[in-house]
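Heads up, final12.csv below (CSV, C-alpha atoms):
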chain,number,residue,atom,x,y,z
A,1,ASP,CA,7.1,-24.4,6.7
A,2,ALA,CA,10.7,-25.1,7.8
A,3,THR,CA,10.2,-28.9,8.3
A,4,SER,CA,11.5,-29.6,4.8
A,5,ARG,CA,13.9,-28.2,2.3
A,6,PRO,CA,13.5,-26.0,0.4
A,7,PHE,CA,11.5,-23.8,2.8
A,8,LYS,CA,7.9,-23.0,1.9
A,9,VAL,CA,6.7,-19.5,2.5
A,10,VAL,CA,2.9,-19.2,2.4
A,11,THR,CA,1.5,-15.8,1.5
A,12,ASN,CA,-2.1,-14.7,1.0
A,13,SER,CA,-1.8,-15.3,-2.7
A,14,SER,CA,0.9,-17.9,-3.3
A,15,THR,CA,3.4,-20.4,-1.9
A,16,ILE,CA,7.1,-19.6,-2.5
A,17,GLU,CA,9.9,-22.2,-2.2
A,18,THR,CA,13.3,-20.9,-1.1
A,19,HIS,CA,16.6,-22.1,0.3
A,20,SER,CA,17.0,-19.2,2.7
A,21,ILE,CA,14.9,-16.6,4.4
A,22,ILE,CA,15.7,-13.2,5.8
A,23,VAL,CA,13.1,-12.1,8.4
A,24,ALA,CA,12.8,-8.3,8.5
A,25,THR,CA,9.2,-7.7,9.5
A,26,GLY,CA,10.1,-5.1,12.1
A,27,ALA,CA,8.3,-4.3,15.4
A,28,GLU,CA,5.0,-2.4,16.1
A,29,SER,CA,4.8,0.3,18.7
A,30,ASN,CA,2.4,-0.5,21.5
A,31,TRP,CA,-0.4,2.1,21.8
A,32,LEU,CA,-2.9,3.0,24.5
A,33,ASN,CA,-6.0,2.8,22.2
A,34,ILE,CA,-7.6,5.9,23.7
A,35,PRO,CA,-9.7,8.6,22.1
A,36,GLY,CA,-7.6,11.0,20.0
A,37,GLU,CA,-4.6,8.8,19.8
A,38,TYR,CA,-5.0,7.3,16.3
A,39,GLU,CA,-6.4,10.4,14.5
A,40,MET,CA,-3.6,12.6,15.7
A,41,ARG,CA,-0.6,10.5,14.9
A,42,GLY,CA,1.6,12.8,12.9
A,43,GLY,CA,-0.1,15.8,14.5
A,44,GLY,CA,1.6,15.6,17.9
A,45,VAL,CA,1.1,11.9,18.8
A,46,SER,CA,4.3,9.9,18.4
A,47,SER,CA,6.1,6.8,19.6
A,48,CYS,CA,9.6,8.1,18.8
A,49,ALA,CA,11.0,11.0,20.7
A,50,THR,CA,14.3,10.7,18.9
A,51,CYS,CA,12.5,11.0,15.5
A,52,ASP,CA,9.9,13.7,16.3
A,53,GLY,CA,11.1,15.5,19.4
A,54,ALA,CA,12.9,18.3,17.6
A,55,ALA,CA,9.6,19.4,16.1
A,56,PHE,CA,8.4,20.5,19.5
A,57,ASN,CA,11.2,22.7,20.5
A,58,GLY,CA,10.2,25.1,23.3
A,59,ARG,CA,6.8,23.5,23.8
A,60,ASP,CA,5.1,21.4,26.5
A,61,VAL,CA,5.0,17.6,25.9
A,62,ILE,CA,3.9,14.4,27.7
A,63,VAL,CA,5.7,11.1,27.9
A,64,VAL,CA,3.7,8.0,28.8
A,65,GLY,CA,5.5,5.0,30.4
A,66,GLY,CA,7.8,4.0,33.2
A,67,GLY,CA,10.5,1.8,31.6
A,68,ASP,CA,14.0,2.6,30.2
A,69,ALA,CA,12.5,3.8,26.9
A,70,ALA,CA,10.2,6.3,28.6
A,71,MET,CA,13.1,7.6,30.7
A,72,GLU,CA,15.3,8.0,27.6
A,73,ASP,CA,12.5,9.8,25.7
A,74,ALA,CA,11.9,12.2,28.6
A,75,LEU,CA,15.6,13.1,28.9
A,76,VAL,CA,15.9,13.6,25.1
A,77,LEU,CA,12.8,15.8,25.1
A,78,ALA,CA,13.9,17.8,28.1
A,79,ARG,CA,16.9,19.1,26.1
A,80,THR,CA,14.6,21.1,23.8
A,81,SER,CA,11.1,21.2,25.1
A,82,ARG,CA,9.9,23.8,27.6
A,83,SER,CA,8.4,21.2,29.9
A,84,VAL,CA,8.1,17.4,30.0
A,85,THR,CA,5.4,15.6,32.0
A,86,VAL,CA,5.9,11.9,32.6
A,87,ILE,CA,2.7,9.9,33.3
A,88,HIS,CA,3.1,6.6,35.0
A,89,ARG,CA,0.4,4.3,36.4
A,90,ARG,CA,2.5,3.1,39.4
A,91,ASP,CA,4.3,4.9,42.2
A,92,GLU,CA,7.7,4.0,41.0
A,93,PHE,CA,9.5,3.5,37.7
A,94,ARG,CA,10.4,0.1,36.2
A,95,ALA,CA,13.4,1.7,34.6
A,96,SER,CA,17.0,1.3,35.9
A,97,ASN,CA,17.8,3.3,39.0
A,98,ILE,CA,20.3,5.6,37.1
A,99,LEU,CA,17.9,6.6,34.4
A,100,ALA,CA,15.0,6.9,36.9
A,101,GLN,CA,17.0,9.2,39.2
A,102,ARG,CA,18.1,11.4,36.4
A,103,VAL,CA,14.4,11.9,35.3
A,104,ILE,CA,13.3,12.6,38.9
A,105,GLU,CA,16.0,15.2,39.5
A,106,HIS,CA,15.6,17.0,36.2
A,107,PRO,CA,14.3,20.5,36.6
A,108,SER,CA,12.3,20.5,33.4
A,109,ILE,CA,10.5,17.1,34.0
A,110,GLN,CA,7.4,16.7,36.1
A,111,ILE,CA,6.0,13.3,37.1
A,112,ARG,CA,2.4,12.3,37.6
A,113,TRP,CA,2.5,9.1,39.7
A,114,ASN,CA,-0.4,6.6,39.8
A,115,SER,CA,-1.9,8.2,36.7
A,116,THR,CA,-3.1,7.1,33.3
A,117,LEU,CA,-3.8,9.0,30.1
A,118,VAL,CA,-7.4,8.6,29.1
A,119,LYS,CA,-7.9,11.0,26.2
A,120,ILE,CA,-5.9,13.2,23.9
A,121,THR,CA,-7.6,16.4,22.7
A,122,GLY,CA,-6.9,18.5,19.7
A,123,GLU,CA,-8.2,20.8,17.0
A,124,VAL,CA,-8.4,20.7,13.2
A,125,ILE,CA,-6.3,23.0,11.2
A,126,LYS,CA,-6.1,23.3,7.5
A,127,ALA,CA,-2.9,22.2,5.8
A,128,GLU,CA,-0.5,24.8,4.5
A,129,GLY,CA,-1.7,26.1,1.1
A,130,ALA,CA,-5.4,25.6,1.8
A,131,ASP,CA,-7.8,28.4,1.2
A,132,ASP,CA,-8.9,29.7,4.6
A,133,SER,CA,-12.1,31.2,3.0
A,134,ALA,CA,-13.2,27.9,1.5
A,135,GLU,CA,-15.8,26.0,3.3
A,136,ASP,CA,-14.8,22.7,5.0
A,137,ASP,CA,-15.4,19.8,2.7
A,138,LEU,CA,-13.9,16.4,1.9
A,139,ASP,CA,-11.6,17.9,-0.7
A,140,THR,CA,-10.0,20.4,1.7
A,141,PRO,CA,-6.8,19.0,3.2
A,142,GLN,CA,-6.9,19.1,7.0
A,143,GLN,CA,-4.8,18.0,9.9
A,144,LYS,CA,-5.7,17.5,13.5
A,145,ILE,CA,-3.1,18.5,16.0
A,146,VAL,CA,-2.7,17.9,19.8
A,147,THR,CA,-3.8,20.7,22.1
A,148,GLY,CA,-4.2,18.9,25.4
A,149,ALA,CA,-4.7,15.7,27.3
A,150,VAL,CA,-6.9,14.3,30.0
A,151,ILE,CA,-5.2,12.5,32.9
A,152,LYS,CA,-6.9,10.2,35.4
A,153,ASP,CA,-5.7,9.7,39.0
A,154,ILE,CA,-5.9,5.9,39.7
A,155,ALA,CA,-6.3,6.4,43.5
A,156,THR,CA,-9.1,8.9,43.4
A,157,GLY,CA,-10.6,8.4,40.0
A,158,GLY,CA,-10.6,12.1,39.3
A,159,GLU,CA,-9.7,13.5,35.9
A,160,SER,CA,-7.8,16.7,35.0
A,161,ALA,CA,-7.0,18.3,31.7
A,162,ILE,CA,-3.7,19.9,30.8
A,163,LYS,CA,-2.5,21.8,27.8
A,164,VAL,CA,0.3,20.1,25.8
A,165,ASP,CA,1.5,20.2,22.2
A,166,ALA,CA,2.6,16.6,21.9
A,167,VAL,CA,2.2,13.2,23.4
A,168,PHE,CA,4.9,10.5,23.2
A,169,ILE,CA,3.8,6.9,23.9
A,170,ALA,CA,6.7,4.9,25.3
A,171,ILE,CA,5.2,1.7,26.5
A,172,GLY,CA,7.2,-0.7,24.4
A,173,HIS,CA,7.2,-2.5,21.1
A,174,THR,CA,5.9,-5.8,19.9
A,175,PRO,CA,8.1,-7.6,17.2
A,176,THR,CA,6.2,-8.9,14.2
A,177,THR,CA,7.4,-12.5,14.8
A,178,SER,CA,4.3,-14.5,15.8
A,179,PHE,CA,4.6,-16.5,12.6
A,180,LEU,CA,8.0,-17.7,13.8
A,181,GLN,CA,6.6,-19.4,17.0
A,182,GLY,CA,7.8,-23.0,17.1
A,183,ILE,CA,10.3,-22.5,14.3
A,184,VAL,CA,13.2,-20.4,15.7
A,185,GLU,CA,14.4,-19.7,19.2
A,186,PHE,CA,13.6,-16.4,20.9
A,187,ASP,CA,15.6,-14.1,23.2
A,188,ASP,CA,14.9,-15.0,26.8
A,189,GLN,CA,15.6,-11.5,28.0
A,190,HIS,CA,13.4,-9.8,25.4
A,191,PRO,CA,10.3,-11.8,24.7
A,192,GLY,CA,9.1,-11.8,21.1
A,193,TYR,CA,12.5,-10.9,19.7
A,194,ALA,CA,14.3,-13.5,17.5
A,195,LYS,CA,17.5,-14.9,18.9
A,196,THR,CA,20.6,-14.6,16.7
A,197,ILE,CA,23.9,-16.5,17.1
A,198,GLY,CA,26.8,-14.3,18.3
A,199,ARG,CA,27.3,-11.1,16.3
A,200,SER,CA,25.8,-12.7,13.1
A,201,THR,CA,22.2,-12.6,11.9
A,202,LYS,CA,21.9,-16.4,11.9
A,203,THR,CA,19.0,-17.8,13.9
A,204,SER,CA,18.7,-21.3,15.4
A,205,VAL,CA,17.6,-22.7,12.1
A,206,ASP,CA,20.2,-23.0,9.3
A,207,GLY,CA,19.1,-20.9,6.3
A,208,ILE,CA,16.9,-18.5,8.3
A,209,PHE,CA,18.3,-15.1,9.2
A,210,ALA,CA,16.8,-12.2,11.1
A,211,ALA,CA,17.5,-8.5,10.7
A,212,GLY,CA,16.3,-5.1,12.0
A,213,ASP,CA,13.8,-4.6,14.8
A,214,VAL,CA,12.8,-8.3,15.0
A,215,THR,CA,16.1,-8.8,16.8
A,216,ASP,CA,16.9,-5.3,18.2
A,217,ALA,CA,15.1,-4.4,21.4
A,218,ILE,CA,17.5,-1.5,22.2
A,219,TYR,CA,18.2,0.9,19.3
A,220,ARG,CA,15.2,0.4,17.0
A,221,GLN,CA,16.4,3.0,14.4
A,222,ALA,CA,16.1,2.9,10.7
A,223,ILE,CA,19.8,3.3,10.1
A,224,THR,CA,20.7,0.4,12.5
A,225,SER,CA,18.1,-1.8,10.8
A,226,ALA,CA,19.5,-1.0,7.4
A,227,GLY,CA,23.0,-2.1,8.5
A,228,SER,CA,21.5,-5.2,10.0
A,229,GLY,CA,19.7,-6.0,6.7
A,230,ALA,CA,23.0,-5.6,4.8
A,231,ALA,CA,24.7,-8.0,7.2
A,232,ALA,CA,21.8,-10.5,6.9
A,233,ALA,CA,22.2,-10.4,3.1
A,234,LEU,CA,25.9,-11.2,3.3
A,235,ASP,CA,25.3,-14.0,5.8
A,236,ALA,CA,22.6,-15.5,3.6
A,237,GLU,CA,24.8,-15.3,0.5
A,238,ARG,CA,27.7,-16.8,2.3
A,239,TRP,CA,25.6,-19.7,3.7
A,240,LEU,CA,24.1,-20.4,0.2
A,241,SER,CA,27.6,-20.6,-1.3
A,242,GLU,CA,28.9,-22.9,1.5
A,243,GLU,CA,25.9,-25.2,1.0
A,244,GLY,CA,26.3,-25.2,-2.8
A,245,LEU,CA,22.8,-23.7,-3.2
A,246,GLY,CA,21.7,-21.0,-5.6
A,247,ASN,CA,19.3,-19.8,-8.1
A,248,GLU,CA,18.4,-23.0,-10.1
A,249,ALA,CA,16.5,-21.1,-12.8
A,250,ALA,CA,19.4,-18.8,-13.5
A,251,GLU,CA,21.8,-21.7,-13.5
A,252,PHE,CA,19.6,-23.6,-16.0
A,253,GLU,CA,19.4,-20.6,-18.3
A,254,ALA,CA,23.2,-20.1,-18.2
A,255,GLU,CA,23.8,-23.8,-19.0
A,256,LEU,CA,21.3,-23.7,-21.9
A,257,LEU,CA,22.9,-20.6,-23.3
A,258,ALA,CA,26.3,-22.2,-23.1
A,259,GLU,CA,25.0,-25.3,-25.0
A,260,LEU,CA,23.5,-23.2,-27.7
A,261,MET,CA,26.7,-21.2,-28.1
A,262,ALA,CA,28.8,-24.4,-28.2
A,263,ASP,CA,26.6,-25.9,-31.0
A,264,ASP,CA,26.9,-22.7,-33.1
A,265,ASP,CA,29.8,-22.8,-35.6
A,266,PRO,CA,31.1,-19.3,-36.2
A,267,LYS,CA,32.6,-20.2,-39.7
A,268,GLU,CA,29.4,-21.8,-40.8
A,269,SER,CA,27.5,-18.7,-39.7
A,270,LEU,CA,29.8,-16.5,-41.8
A,271,ARG,CA,29.3,-18.7,-44.9
A,272,ASP,CA,25.5,-18.6,-44.5
A,273,SER,CA,25.4,-14.8,-43.9
A,274,TYR,CA,24.1,-12.5,-46.6
A,275,ASN,CA,26.5,-10.1,-48.4
A,276,ALA,CA,24.8,-7.3,-50.4
A,277,TYR,CA,28.0,-6.5,-52.3
A,278,GLU,CA,28.5,-10.0,-53.6
A,279,ASP,CA,24.8,-10.2,-54.6
A,280,ALA,CA,25.3,-7.0,-56.6
A,281,GLY,CA,28.3,-8.4,-58.5
A,282,GLY,CA,31.1,-7.5,-56.3
A,283,ARG,CA,32.3,-4.3,-54.6
A,284,MET,CA,33.6,-1.4,-56.7
A,285,GLU,CA,35.7,1.0,-54.6
A,286,GLY,CA,35.8,4.7,-55.2
A,287,MET,CA,32.5,4.9,-57.1
A,288,LYS,CA,29.2,6.5,-55.9
A,289,GLU,CA,26.2,4.3,-55.6
A,290,SER,CA,24.4,6.4,-58.2
A,291,THR,CA,27.2,5.7,-60.7
A,292,ARG,CA,27.2,2.0,-59.8
A,293,VAL,CA,23.5,1.8,-60.6
A,294,GLU,CA,24.0,3.5,-64.0
A,295,LEU,CA,26.8,1.0,-64.9
Can the structure from this file be put into structure tokens for me?
Amino acid sequence: DATSRPFKVVTNSSTIETHSIIVATGAESNWLNIPGEYEMRGGGVSSCATCDGAAFNGRDVIVVGGGDAAMEDALVLARTSRSVTVIHRRDEFRASNILAQRVIEHPSIQIRWNSTLVKITGEVIKAEGADDSAEDDLDTPQQKIVTGAVIKDIATGGESAIKVDAVFIAIGHTPTTSFLQGIVEFDDQHPGYAKTIGRSTKTSVDGIFAAGDVTDAIYRQAITSAGSGAAAALDAERWLSEEGLGNEAAEFEAELLAELMADDDPKESLRDSYNAYEDAGGRMEGMKESTRVEL
């Protein structure tokens, strides 16, 4: 609730009042929701060629998509993979002409026009360290890996199976910003992404800042998100200082402690303190305690 100050953030268990908010909820990859896709994530199904492409060096892979992200993924994978097959549901790419032409002319990249991916096939393998002689049960660690894919021709309706080792889904991302609808402004060129002012992390609402993939439609990398988060923290701290806002609880504790220390007289405390030597009749230097007791 940004209609009043401080802001009210409603969670599934409580309501939090705060002077500033940093939105860093990220973006979710868009998926095809086809058989084999979910269960083989991490076993050859990925949405990040930059992150996972190196694991399939010298192997055959598929890229699904027709935008700039798909073209970039295909070109990245073509550096190390044996072959790259790009599957696109139309007869031309939506990507920029330069990227599209590079993909079309690349010798290691094949294109399946007017096609869709309908199924990802795989096989179950036991994780490293598992006993191959043991019978399959719920306690045996297993992993399902990609071994192929089924492609459908949109024009004819026919399906064909090909052998591949990995499938990279590059059909875009959806920022987790639906809860900000009607609160902050969004980027006109990238729907769903929060709009920030200039090079800062400030949004259209004072006190609300955005960092990471909720504002980044281009890079979407962990390291760039981390830097954006640090910038948002600095922007928020600076804004709180300029507005004279802060942590009221901490300020109250500091003021209370200062008052207690001001009321405490150090000399009075020394007079009221207990002195064991005075209680024993005065200190006797150079004598052991045992001798002192005997005297």
What's the separation between atom CA of A:Val63 and atom CA of A:Val84, in Å to one decimal place?
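Atom-to-atom, atom CA of A:Val63 and atom CA of A:Val84 are spaced 7.1 Å apart.
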Atom CA of A:Ala194 to atom CA of A:Asn12, straight-line distance in Å:
23.3 Å
From the set A:Arg89, A:His19, A:Arg238, A:Lys152, which residue has the shortest atom-to-atom contact distance to A:Val118, counting all atoms listed in the file?
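Under the stated criterion, the closest residue is A:Lys152.
Among the candidates A:Ala74, A:Ala155, A:Ala166, A:Leu240, the one nearest to A:Arg59 when counting all atoms listed in the file is A:Ala166.
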Exercise: A:Ile208 partners within 8 Å, only C-alpha atoms, chain neighbours under 3 positions left out, as a ChimeraX atom specification
/A:20-23,202-205,236
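Nearest residue to A:Val61 among A:Val167, A:Ala230, A:Ile16, A:Leu180 is A:Val167, counting only C-alpha atoms.
In this comparison, which uses all atoms listed in the file, the residue of A:Phe168, A:Gly122, A:Gly157, A:Asn57 approaching A:Ile87 most closely is A:Phe168.
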